[in-house]
$ cat final26.txt   # compact mmCIF, C-alpha atoms
# COMPACT_ATOMS: atom_id res chain seq x y z
CA MET A 29 -13.80 -29.52 18.35
CA ALA A 30 -11.89 -26.54 16.97
CA ALA A 31 -11.59 -23.46 19.13
CA ALA A 32 -13.88 -20.71 17.87
CA VAL A 33 -11.24 -18.04 18.29
CA PRO A 34 -10.13 -16.36 15.08
CA SER A 35 -6.55 -15.16 15.18
CA THR A 36 -6.79 -12.28 12.73
CA ALA A 37 -5.30 -9.17 14.27
CA TYR A 38 -5.73 -5.61 13.16
CA ALA A 39 -2.56 -3.72 12.35
CA GLY A 40 -1.82 -0.47 14.05
CA GLY A 41 -1.42 1.67 10.96
CA GLY A 42 2.23 1.11 10.19
CA LYS A 43 3.21 4.27 12.09
CA GLY A 44 5.54 2.63 14.53
CA GLY A 45 2.89 1.24 16.85
CA SER A 46 3.52 -2.14 18.40
CA GLY A 47 2.50 -4.25 21.34
CA ASN A 48 0.04 -6.96 22.19
CA GLN A 49 -3.47 -6.49 23.46
CA VAL A 50 -6.69 -8.37 23.99
CA GLY A 51 -9.18 -7.92 21.16
CA GLY A 52 -12.94 -7.66 21.10
CA VAL A 53 -15.62 -10.22 21.88
CA ASN A 54 -18.61 -11.25 19.82
CA ALA A 55 -21.08 -12.09 22.60
CA GLY A 56 -23.60 -13.58 20.21
CA SER A 57 -21.37 -16.39 19.03
CA GLY A 58 -18.91 -16.56 21.88
CA GLU A 59 -16.03 -15.79 19.53
CA GLY A 60 -13.12 -13.51 20.37
CA LYS A 61 -9.70 -12.45 19.18
CA ILE A 62 -6.20 -12.28 20.48
CA SER A 63 -5.19 -9.29 18.44
CA ILE A 64 -1.84 -7.65 17.82
CA GLU A 65 -0.67 -4.47 16.23
CA THR A 66 1.91 -4.92 13.51
CA LYS A 67 5.46 -4.18 14.51
CA VAL A 68 6.40 -3.38 10.90
CA VAL A 69 7.49 0.25 10.65
CA PRO A 70 7.55 2.13 7.32
CA LYS A 71 10.05 4.97 7.03
CA PRO A 72 10.40 7.33 4.06
CA THR A 73 13.95 7.51 2.74
CA GLY A 74 13.50 9.59 -0.39
CA GLY A 75 10.15 11.32 -0.06
CA ALA A 76 6.97 11.64 1.96
CA ASN A 77 4.90 8.83 3.35
CA LYS A 78 1.27 8.78 4.38
CA ALA A 79 1.88 10.47 7.69
CA ASP A 80 2.68 13.66 5.80
CA SER A 81 0.20 16.12 4.42
CA GLY A 82 0.21 17.86 1.08
CA ASP A 83 -0.97 17.27 -2.44
CA ASN A 84 0.34 13.72 -2.53
CA GLY A 85 -1.27 10.40 -3.28
CA SER A 86 -0.88 6.65 -3.47
CA LEU A 87 0.10 4.33 -6.26
CA THR A 88 -2.35 2.13 -8.08
CA PRO A 89 -0.68 -1.03 -9.46
CA ALA A 90 -0.67 -0.95 -13.24
CA ASN A 91 -1.21 -4.71 -13.15
CA SER A 92 -4.82 -5.05 -12.03
CA ASN A 93 -4.20 -8.70 -11.05
CA TRP A 94 -1.72 -7.72 -8.32
CA THR A 95 -2.12 -5.86 -5.05
CA PRO A 96 0.09 -5.53 -1.97
CA PRO A 97 -0.69 -8.12 0.71
CA ALA A 98 -3.90 -7.60 2.66
CA CYS A 99 -2.58 -9.57 5.64
CA TRP A 100 0.41 -11.61 6.77
CA TYR A 101 1.82 -13.52 9.75
CA GLU A 102 4.58 -12.02 11.85
CA PRO A 103 6.31 -12.76 15.19
CA ALA A 104 3.85 -11.70 17.88
CA PHE A 105 4.13 -13.39 21.28
CA THR A 106 6.74 -14.97 23.49
CA PRO A 107 5.33 -17.94 25.43
CA LYS A 108 4.93 -15.76 28.53
CA GLU A 109 3.16 -13.02 26.55
CA LEU A 110 0.68 -15.46 25.04
CA GLN A 111 -0.04 -16.96 28.45
CA ALA A 112 -0.59 -13.46 29.87
CA ASN A 113 -3.02 -12.54 27.09
CA VAL A 114 -5.10 -15.63 27.75
CA GLY A 115 -5.16 -14.57 31.39
CA LYS A 116 -6.61 -11.23 30.34
CA TRP A 117 -9.46 -13.05 28.67
CA ARG A 118 -10.38 -14.63 31.98
CA ASP A 119 -10.69 -11.14 33.47
CA PHE A 120 -13.62 -10.55 31.09
CA LYS A 121 -16.55 -11.70 33.21
CA PHE A 122 -19.55 -10.79 31.04
CA LEU A 123 -21.83 -13.86 30.76
CA GLY A 124 -18.84 -16.10 31.47
CA ILE A 125 -17.47 -15.44 28.00
CA GLY A 126 -13.95 -14.74 29.26
CA ASP A 127 -13.66 -18.12 30.99
CA MET A 128 -15.12 -19.89 27.97
CA ILE A 129 -12.56 -18.31 25.63
CA GLY A 130 -9.82 -18.95 28.18
CA ASP A 131 -10.77 -22.64 28.35
CA LEU A 132 -10.71 -22.94 24.58
CA LEU A 133 -7.28 -21.30 24.37
CA ASP A 134 -5.94 -23.43 27.21
CA ARG A 135 -6.96 -26.53 25.27
CA LYS A 136 -4.74 -25.42 22.39
CA TYR A 137 -1.84 -23.79 24.19
CA LYS A 138 -1.74 -25.38 27.66
CA THR A 139 -3.02 -28.95 27.60
CA GLY A 140 -1.89 -29.71 24.05
CA ASP A 141 -5.18 -31.06 22.68
CA PRO A 142 -4.14 -33.08 19.58
CA ALA A 143 -7.36 -32.03 17.82
CA GLU A 144 -6.18 -28.44 18.14
CA LYS A 145 -2.61 -29.19 16.98
CA GLY A 146 -1.84 -27.91 20.44
CA TYR A 147 1.13 -27.05 22.62
CA LYS A 148 2.12 -28.01 26.16
CA ASN A 149 2.04 -25.30 28.82
CA TYR A 150 2.32 -22.44 26.28
CA ASN A 151 5.80 -23.63 25.29
CA LEU A 152 7.15 -21.93 28.41
CA ASP A 153 10.12 -24.31 28.34
CA GLN A 154 10.98 -22.79 24.93
CA GLU A 155 11.12 -19.18 26.20
CA GLY A 156 13.80 -17.33 24.24
CA LYS A 157 13.97 -20.05 21.57
CA GLY A 158 11.16 -18.86 19.32
CA MET A 159 7.94 -16.87 18.99
CA PHE A 160 4.28 -17.46 18.38
CA TRP A 161 3.43 -15.88 15.03
CA ALA A 162 0.01 -14.30 14.50
CA ALA A 163 -1.91 -12.60 11.72
CA VAL A 164 -2.04 -8.87 11.11
CA VAL A 165 -4.03 -6.89 8.57
CA ASN A 166 -2.43 -4.32 6.28
CA PRO A 167 -4.01 -1.10 7.59
CA ASN A 168 -4.27 0.23 4.03
CA ARG A 169 -6.38 -2.79 3.02
CA LYS A 170 -8.51 -3.51 6.07
CA ASP A 171 -11.68 -3.37 3.92
CA ASP A 172 -10.28 -5.85 1.38
CA PRO A 173 -12.04 -9.24 1.67
CA ALA A 174 -8.59 -10.84 1.42
CA ALA A 175 -7.78 -9.33 4.82
CA ASN A 176 -9.72 -12.23 6.33
CA SER A 177 -7.62 -14.86 4.60
CA CYS A 178 -5.00 -15.01 7.38
CA ASN A 179 -7.16 -17.10 9.69
CA GLU A 180 -4.65 -19.35 11.43
CA MET A 181 -4.46 -19.12 15.21
CA PRO A 182 -1.04 -18.08 16.62
CA PHE A 183 1.52 -20.81 15.85
CA TRP A 184 5.03 -21.54 17.11
CA VAL A 185 8.12 -20.77 15.02
CA PRO A 186 11.65 -21.50 16.33
CA ASN A 187 14.19 -18.69 16.09
CA GLY A 188 16.06 -18.49 12.82
CA THR A 189 13.35 -20.14 10.75
CA THR A 190 10.54 -18.84 8.56
CA PRO A 191 7.26 -20.75 8.48
CA PRO A 192 6.36 -22.35 5.13
CA ASP A 193 3.02 -20.52 4.99
CA PRO A 194 3.05 -18.30 1.86
CA LYS A 195 1.63 -15.45 3.95
CA ALA A 196 4.50 -15.52 6.45
CA LEU A 197 6.43 -12.27 6.69
CA THR A 198 9.49 -12.19 4.40
CA PRO A 199 11.67 -9.38 3.03
CA LYS A 200 9.47 -9.30 -0.06
CA THR A 201 6.37 -8.94 2.11
CA LEU A 202 8.01 -5.94 3.76
CA ALA A 203 8.76 -4.51 0.32
CA GLU A 204 5.19 -5.01 -0.83
CA TYR A 205 3.88 -3.31 2.30
CA ALA A 206 6.28 -0.40 1.67
CA TYR A 207 4.75 -0.18 -1.83
CA ASP A 208 1.44 0.59 -0.14
CA GLU A 209 3.11 3.27 2.01
CA LEU A 210 4.70 5.19 -0.87
CA GLU A 211 3.34 8.71 -1.05
CA LEU A 212 4.05 10.38 -4.36
CA PRO A 213 3.64 13.92 -5.73
CA SER A 214 0.52 14.74 -7.66
CA PRO A 215 1.27 15.07 -11.38
CA ASN A 216 0.29 18.72 -11.59
CA VAL A 217 1.13 20.19 -14.98
CA THR A 218 0.99 23.64 -16.54
CA THR A 219 -0.80 24.28 -19.83
CA ALA A 220 -0.50 27.07 -22.34
CA PRO A 221 -2.89 28.46 -23.29
CA ASN A 222 -4.17 28.08 -19.73
CA GLY A 223 -7.80 27.03 -19.50
CA THR A 224 -8.90 28.13 -22.98
CA SER A 225 -7.44 26.60 -26.14
CA THR A 226 -8.13 27.04 -29.80
CA VAL A 227 -9.15 24.39 -32.32
CA ASN A 228 -6.21 23.08 -34.36
CA LEU A 229 -3.62 25.01 -32.36
CA PRO A 230 -1.42 23.10 -29.90
CA THR A 231 -1.78 23.30 -26.15
CA TRP A 232 1.61 22.94 -24.50
CA VAL A 233 1.88 20.79 -21.36
CA TRP A 234 4.83 20.82 -18.98
CA SER A 235 6.04 20.68 -15.40
CA THR A 236 9.29 22.25 -14.22
CA ASP A 237 9.04 21.83 -10.45
CA ALA A 238 11.55 18.93 -10.47
CA ASN A 239 9.06 16.91 -8.42
CA PHE A 240 9.33 13.71 -10.42
CA THR A 241 12.35 12.09 -8.80
CA LYS A 242 12.98 8.78 -7.06
CA LYS A 243 11.03 8.16 -3.85
CA SER A 244 11.67 5.33 -1.39
CA VAL A 245 10.13 3.79 1.70
CA THR A 246 11.89 1.28 3.96
CA ALA A 247 9.82 -1.18 5.99
CA SER A 248 11.46 -2.98 8.88
CA LEU A 249 10.55 -5.38 11.65
CA PRO A 250 12.11 -4.05 14.86
CA GLY A 251 14.14 -6.55 16.79
CA SER A 252 14.60 -8.85 13.81
CA GLY A 253 17.20 -6.94 11.85
CA LEU A 254 15.00 -7.47 8.79
CA SER A 255 14.22 -4.58 6.43
CA ALA A 256 13.35 -3.93 2.79
CA THR A 257 13.34 -0.76 0.73
CA THR A 258 10.90 -0.09 -2.09
CA THR A 259 11.86 2.57 -4.62
CA ALA A 260 9.63 4.30 -7.16
CA GLU A 261 11.26 5.91 -10.19
CA PRO A 262 9.12 8.07 -12.52
CA VAL A 263 9.16 6.89 -16.11
CA SER A 264 6.65 8.95 -18.07
CA VAL A 265 3.60 11.20 -17.86
CA HIS A 266 0.65 10.13 -19.99
CA ILE A 267 -1.56 12.92 -21.33
CA ASP A 268 -5.25 12.11 -21.74
CA PRO A 269 -6.99 15.01 -23.53
CA GLY A 270 -10.45 13.84 -22.47
CA THR A 271 -11.69 13.29 -26.03
CA SER A 272 -10.85 11.24 -29.08
CA ASP A 273 -11.10 14.40 -31.17
CA ALA A 274 -7.57 15.41 -30.34
CA GLN A 275 -3.97 14.81 -31.34
CA VAL A 276 -1.41 14.24 -28.58
CA PHE A 277 2.31 14.95 -28.60
CA PRO A 278 4.17 12.67 -28.74
CA GLY A 279 1.84 10.33 -30.59
CA SER A 280 1.76 7.82 -27.72
CA GLY A 281 0.70 10.52 -25.29
CA ASN A 282 3.60 9.44 -23.03
CA CYS A 283 5.83 12.41 -22.25
CA THR A 284 9.29 11.50 -21.02
CA ILE A 285 10.61 12.66 -17.67
CA SER A 286 14.10 14.13 -17.61
CA GLN A 287 15.79 15.41 -14.45
CA GLY A 288 12.44 15.54 -12.71
CA ARG A 289 10.84 17.69 -15.38
CA VAL A 290 8.24 17.02 -18.03
CA GLY A 291 7.87 18.70 -21.41
CA GLU A 292 9.04 22.18 -22.25
CA PRO A 293 7.57 25.53 -21.15
CA PHE A 294 5.76 27.50 -23.80
CA ALA A 295 7.54 30.61 -25.06
CA ALA A 296 6.56 33.42 -27.37
CA GLY A 297 6.92 32.53 -31.03
CA LYS A 298 6.12 28.82 -30.50
CA ALA A 299 2.36 29.02 -30.95
CA ASP A 300 2.42 27.18 -34.29
CA GLN A 301 5.04 24.60 -33.28
CA ASP A 302 4.28 21.08 -32.14
CA PRO A 303 5.20 20.80 -28.43
CA PRO A 304 7.34 17.95 -27.10
CA CYS A 305 4.45 17.30 -24.69
CA GLY A 306 0.95 18.52 -25.35
CA VAL A 307 -2.31 18.18 -27.24
CA LYS A 308 -4.11 19.69 -30.23
CA TYR A 309 -7.89 19.73 -29.97
CA LEU A 310 -9.75 19.22 -33.24
CA ARG A 311 -13.24 20.26 -32.16
CA PRO A 312 -14.56 22.97 -29.88
CA GLY A 313 -16.00 21.95 -26.53
CA ALA A 314 -15.34 21.59 -22.81
CA TYR A 315 -12.89 18.81 -21.92
CA SER A 316 -10.96 17.45 -18.94
CA LEU A 317 -7.23 17.00 -19.48
CA LYS A 318 -5.64 14.44 -17.16
CA ALA A 319 -1.98 13.65 -16.51
CA THR A 320 -0.99 10.20 -15.19
CA VAL A 321 2.51 9.31 -14.04
CA THR A 322 3.90 5.80 -14.45
CA TRP A 323 6.42 4.80 -11.76
CA ARG A 324 8.82 1.87 -12.11
CA ILE A 325 9.05 -0.01 -8.82
CA SER A 326 12.00 -2.01 -7.47
CA TRP A 327 12.94 -3.37 -4.08
CA SER A 328 15.98 -4.52 -2.16
CA SER A 329 16.51 -5.92 1.31
CA ASN A 330 19.33 -5.96 3.82
CA ASP A 331 19.82 -9.70 3.28
CA GLY A 332 20.65 -9.25 -0.40
CA GLN A 333 17.27 -10.13 -1.89
CA GLY A 334 15.51 -7.82 -4.32
CA GLY A 335 13.84 -7.44 -7.67
CA ALA A 336 10.99 -5.70 -9.43
CA LEU A 337 7.41 -5.08 -8.34
CA PRO A 338 4.58 -4.13 -10.72
CA ASP A 339 4.70 -0.61 -12.11
CA GLY A 340 2.46 1.87 -10.35
CA ILE A 341 0.40 4.73 -11.74
CA TYR A 342 -0.85 7.91 -10.13
CA ALA A 343 -3.40 10.07 -11.93
CA GLY A 344 -3.69 13.76 -11.15
CA LYS A 345 -6.90 15.73 -10.90
CA PRO A 346 -8.51 16.47 -14.28
CA GLN A 347 -7.90 20.02 -15.46
CA PRO A 348 -10.79 21.71 -17.32
CA VAL A 349 -10.00 22.94 -20.82
CA THR A 350 -12.35 25.00 -22.96
CA VAL A 351 -11.65 24.74 -26.69
CA GLN A 352 -12.98 27.45 -28.98
CA GLU A 353 -12.90 28.20 -32.66
CA ILE A 354 -11.23 31.30 -34.06
CA GLN A 355 -13.99 33.68 -35.05
CA SER A 356 -13.62 35.63 -38.30
CA ILE A 357 -15.80 38.10 -40.23
CA ASN A 358 -16.64 37.34 -43.86
CA ARG A 359 -16.97 40.43 -46.10

$ encode --input "final26.txt" --output "structure tokens"
Amino acid sequence: MAAAVPSTAYAGGGKGGSGNQVGGVNAGSGEGKISIETKVVPKPTGGANKADSGDNGSLTPANSNWTPPACWYEPAFTPKELQANVGKWRDFKFLGIGDMIGDLLDRKYKTGDPAEKGYKNYNLDQEGKGMFWAAVVNPNRKDDPAANSCNEMPFWVPNGTTPPDPKALTPKTLAEYAYDELELPSPNVTTAPNGTSTVNLPTWVWSTDANFTKKSVTASLPGSGLSATTTAEPVSVHIDPGTSDAQVFPGSGNCTISQGRVGEPFAAGKADQDPPCGVKYLRPGAYSLKATVTWRISWSSNDGQGGALPDGIYAGKPQPVTVQEIQSINR
């Protein structure tokens, strides 16, 4: 009989929290959790992360078939810590549930029940030679159904080895988690004319606040010496005029980013010129112009690994644009 004790733990938000604790109990089914907070700590190295306020936002992977991991396994308990957590279950006396859960866990970790792929006496004779790994949930994806896919109970891993489970924590896992922690500037742009444009005359679009520069977040597992840095580099700003009755500049609608700036500010005498970044509306109406930044993502780790992750996009808030016709009097 398998122990009815799911191992999924709920991460502590990636803000430096760590430690082990006893989880909740489902009295109806007699199920409980040994839950841990993730020890993985994200740290911004070239920009803000989610602990900061401001007009910032998160990346959306451009590849809709890829997302950062919803959960993973990481080192969680020494043998003594796991034994102590089971002891805490026995302190829960409501309807005898604590003893029932304690008995089930003892069968796996104390008496070595073969049906449970168990261990002898919590591996206390292996203290200092390894850790029990357990599941944590990416706090940014706790509502993702995939967060329940790490359903193995805590398992033993000797020091210096990585378990073969594809969800085991690796430098790339750290990098993918850091991807989720990147906080990037909103692609706010200036338009001229501002708010009201004229049919068949260009609306210039630009940003000169030098905000579009490389941003990085480093995720590390304290005590392991393992860390990975994920870097986002802005590539282009795509202009969506909010209607097909418009001509964008350049023709792709993708304005290049140079030295953190986009486009060119409008100046007197340029009203009839095509802007390096902008739009020409062909019909009057009320539209919503939206700017979306594409960020190229790469990662590296302190053990020499690295590579590319899927590009990310971040769309700014739509800006209302009213397009009017030039009125003339016929004589």

$ residues_around --input "final26.txt" --residues "Thr231 in chain A" --least-positions-apart "6" --cutoff "8 Å" --atoms "only C-alpha atoms" --output "PyMOL selection string"
chain A and resi 219-221+225+303+306-308

$ atom_distance --input "final26.txt" --atom1 "CA of Arg311 in chain A" --atom2 "CA of Phe294 in chain A"
22.0 Å

$ closest_residue --input "final26.txt" --among "A:Ala203, A:Cys305, A:Val233, A:Val290" --to "Phe277 in chain A" --atoms "only C-alpha atoms"
A:Cys305

$ closest_residue --input "final26.txt" --among "A:Trp232, A:Phe122, A:Gln333, A:Gln154" --to "Ala295 in chain A" --atoms "all atoms listed in the file"
A:Trp232

$ atom_distance --input "final26.txt" --atom1 "CA of Leu133 in chain A" --atom2 "CA of Thr106 in chain A"
15.4 Å

$ atom_distance --input "final26.txt" --atom1 "CA of Gly344 in chain A" --atom2 "CA of Ala90 in chain A"
15.2 Å

$ closest_residue --input "final26.txt" --among "A:Pro173, A:Gly279, A:Pro293, A:Gly223" --to "Val349 in chain A" --atoms "all atoms listed in the file"
A:Gly223
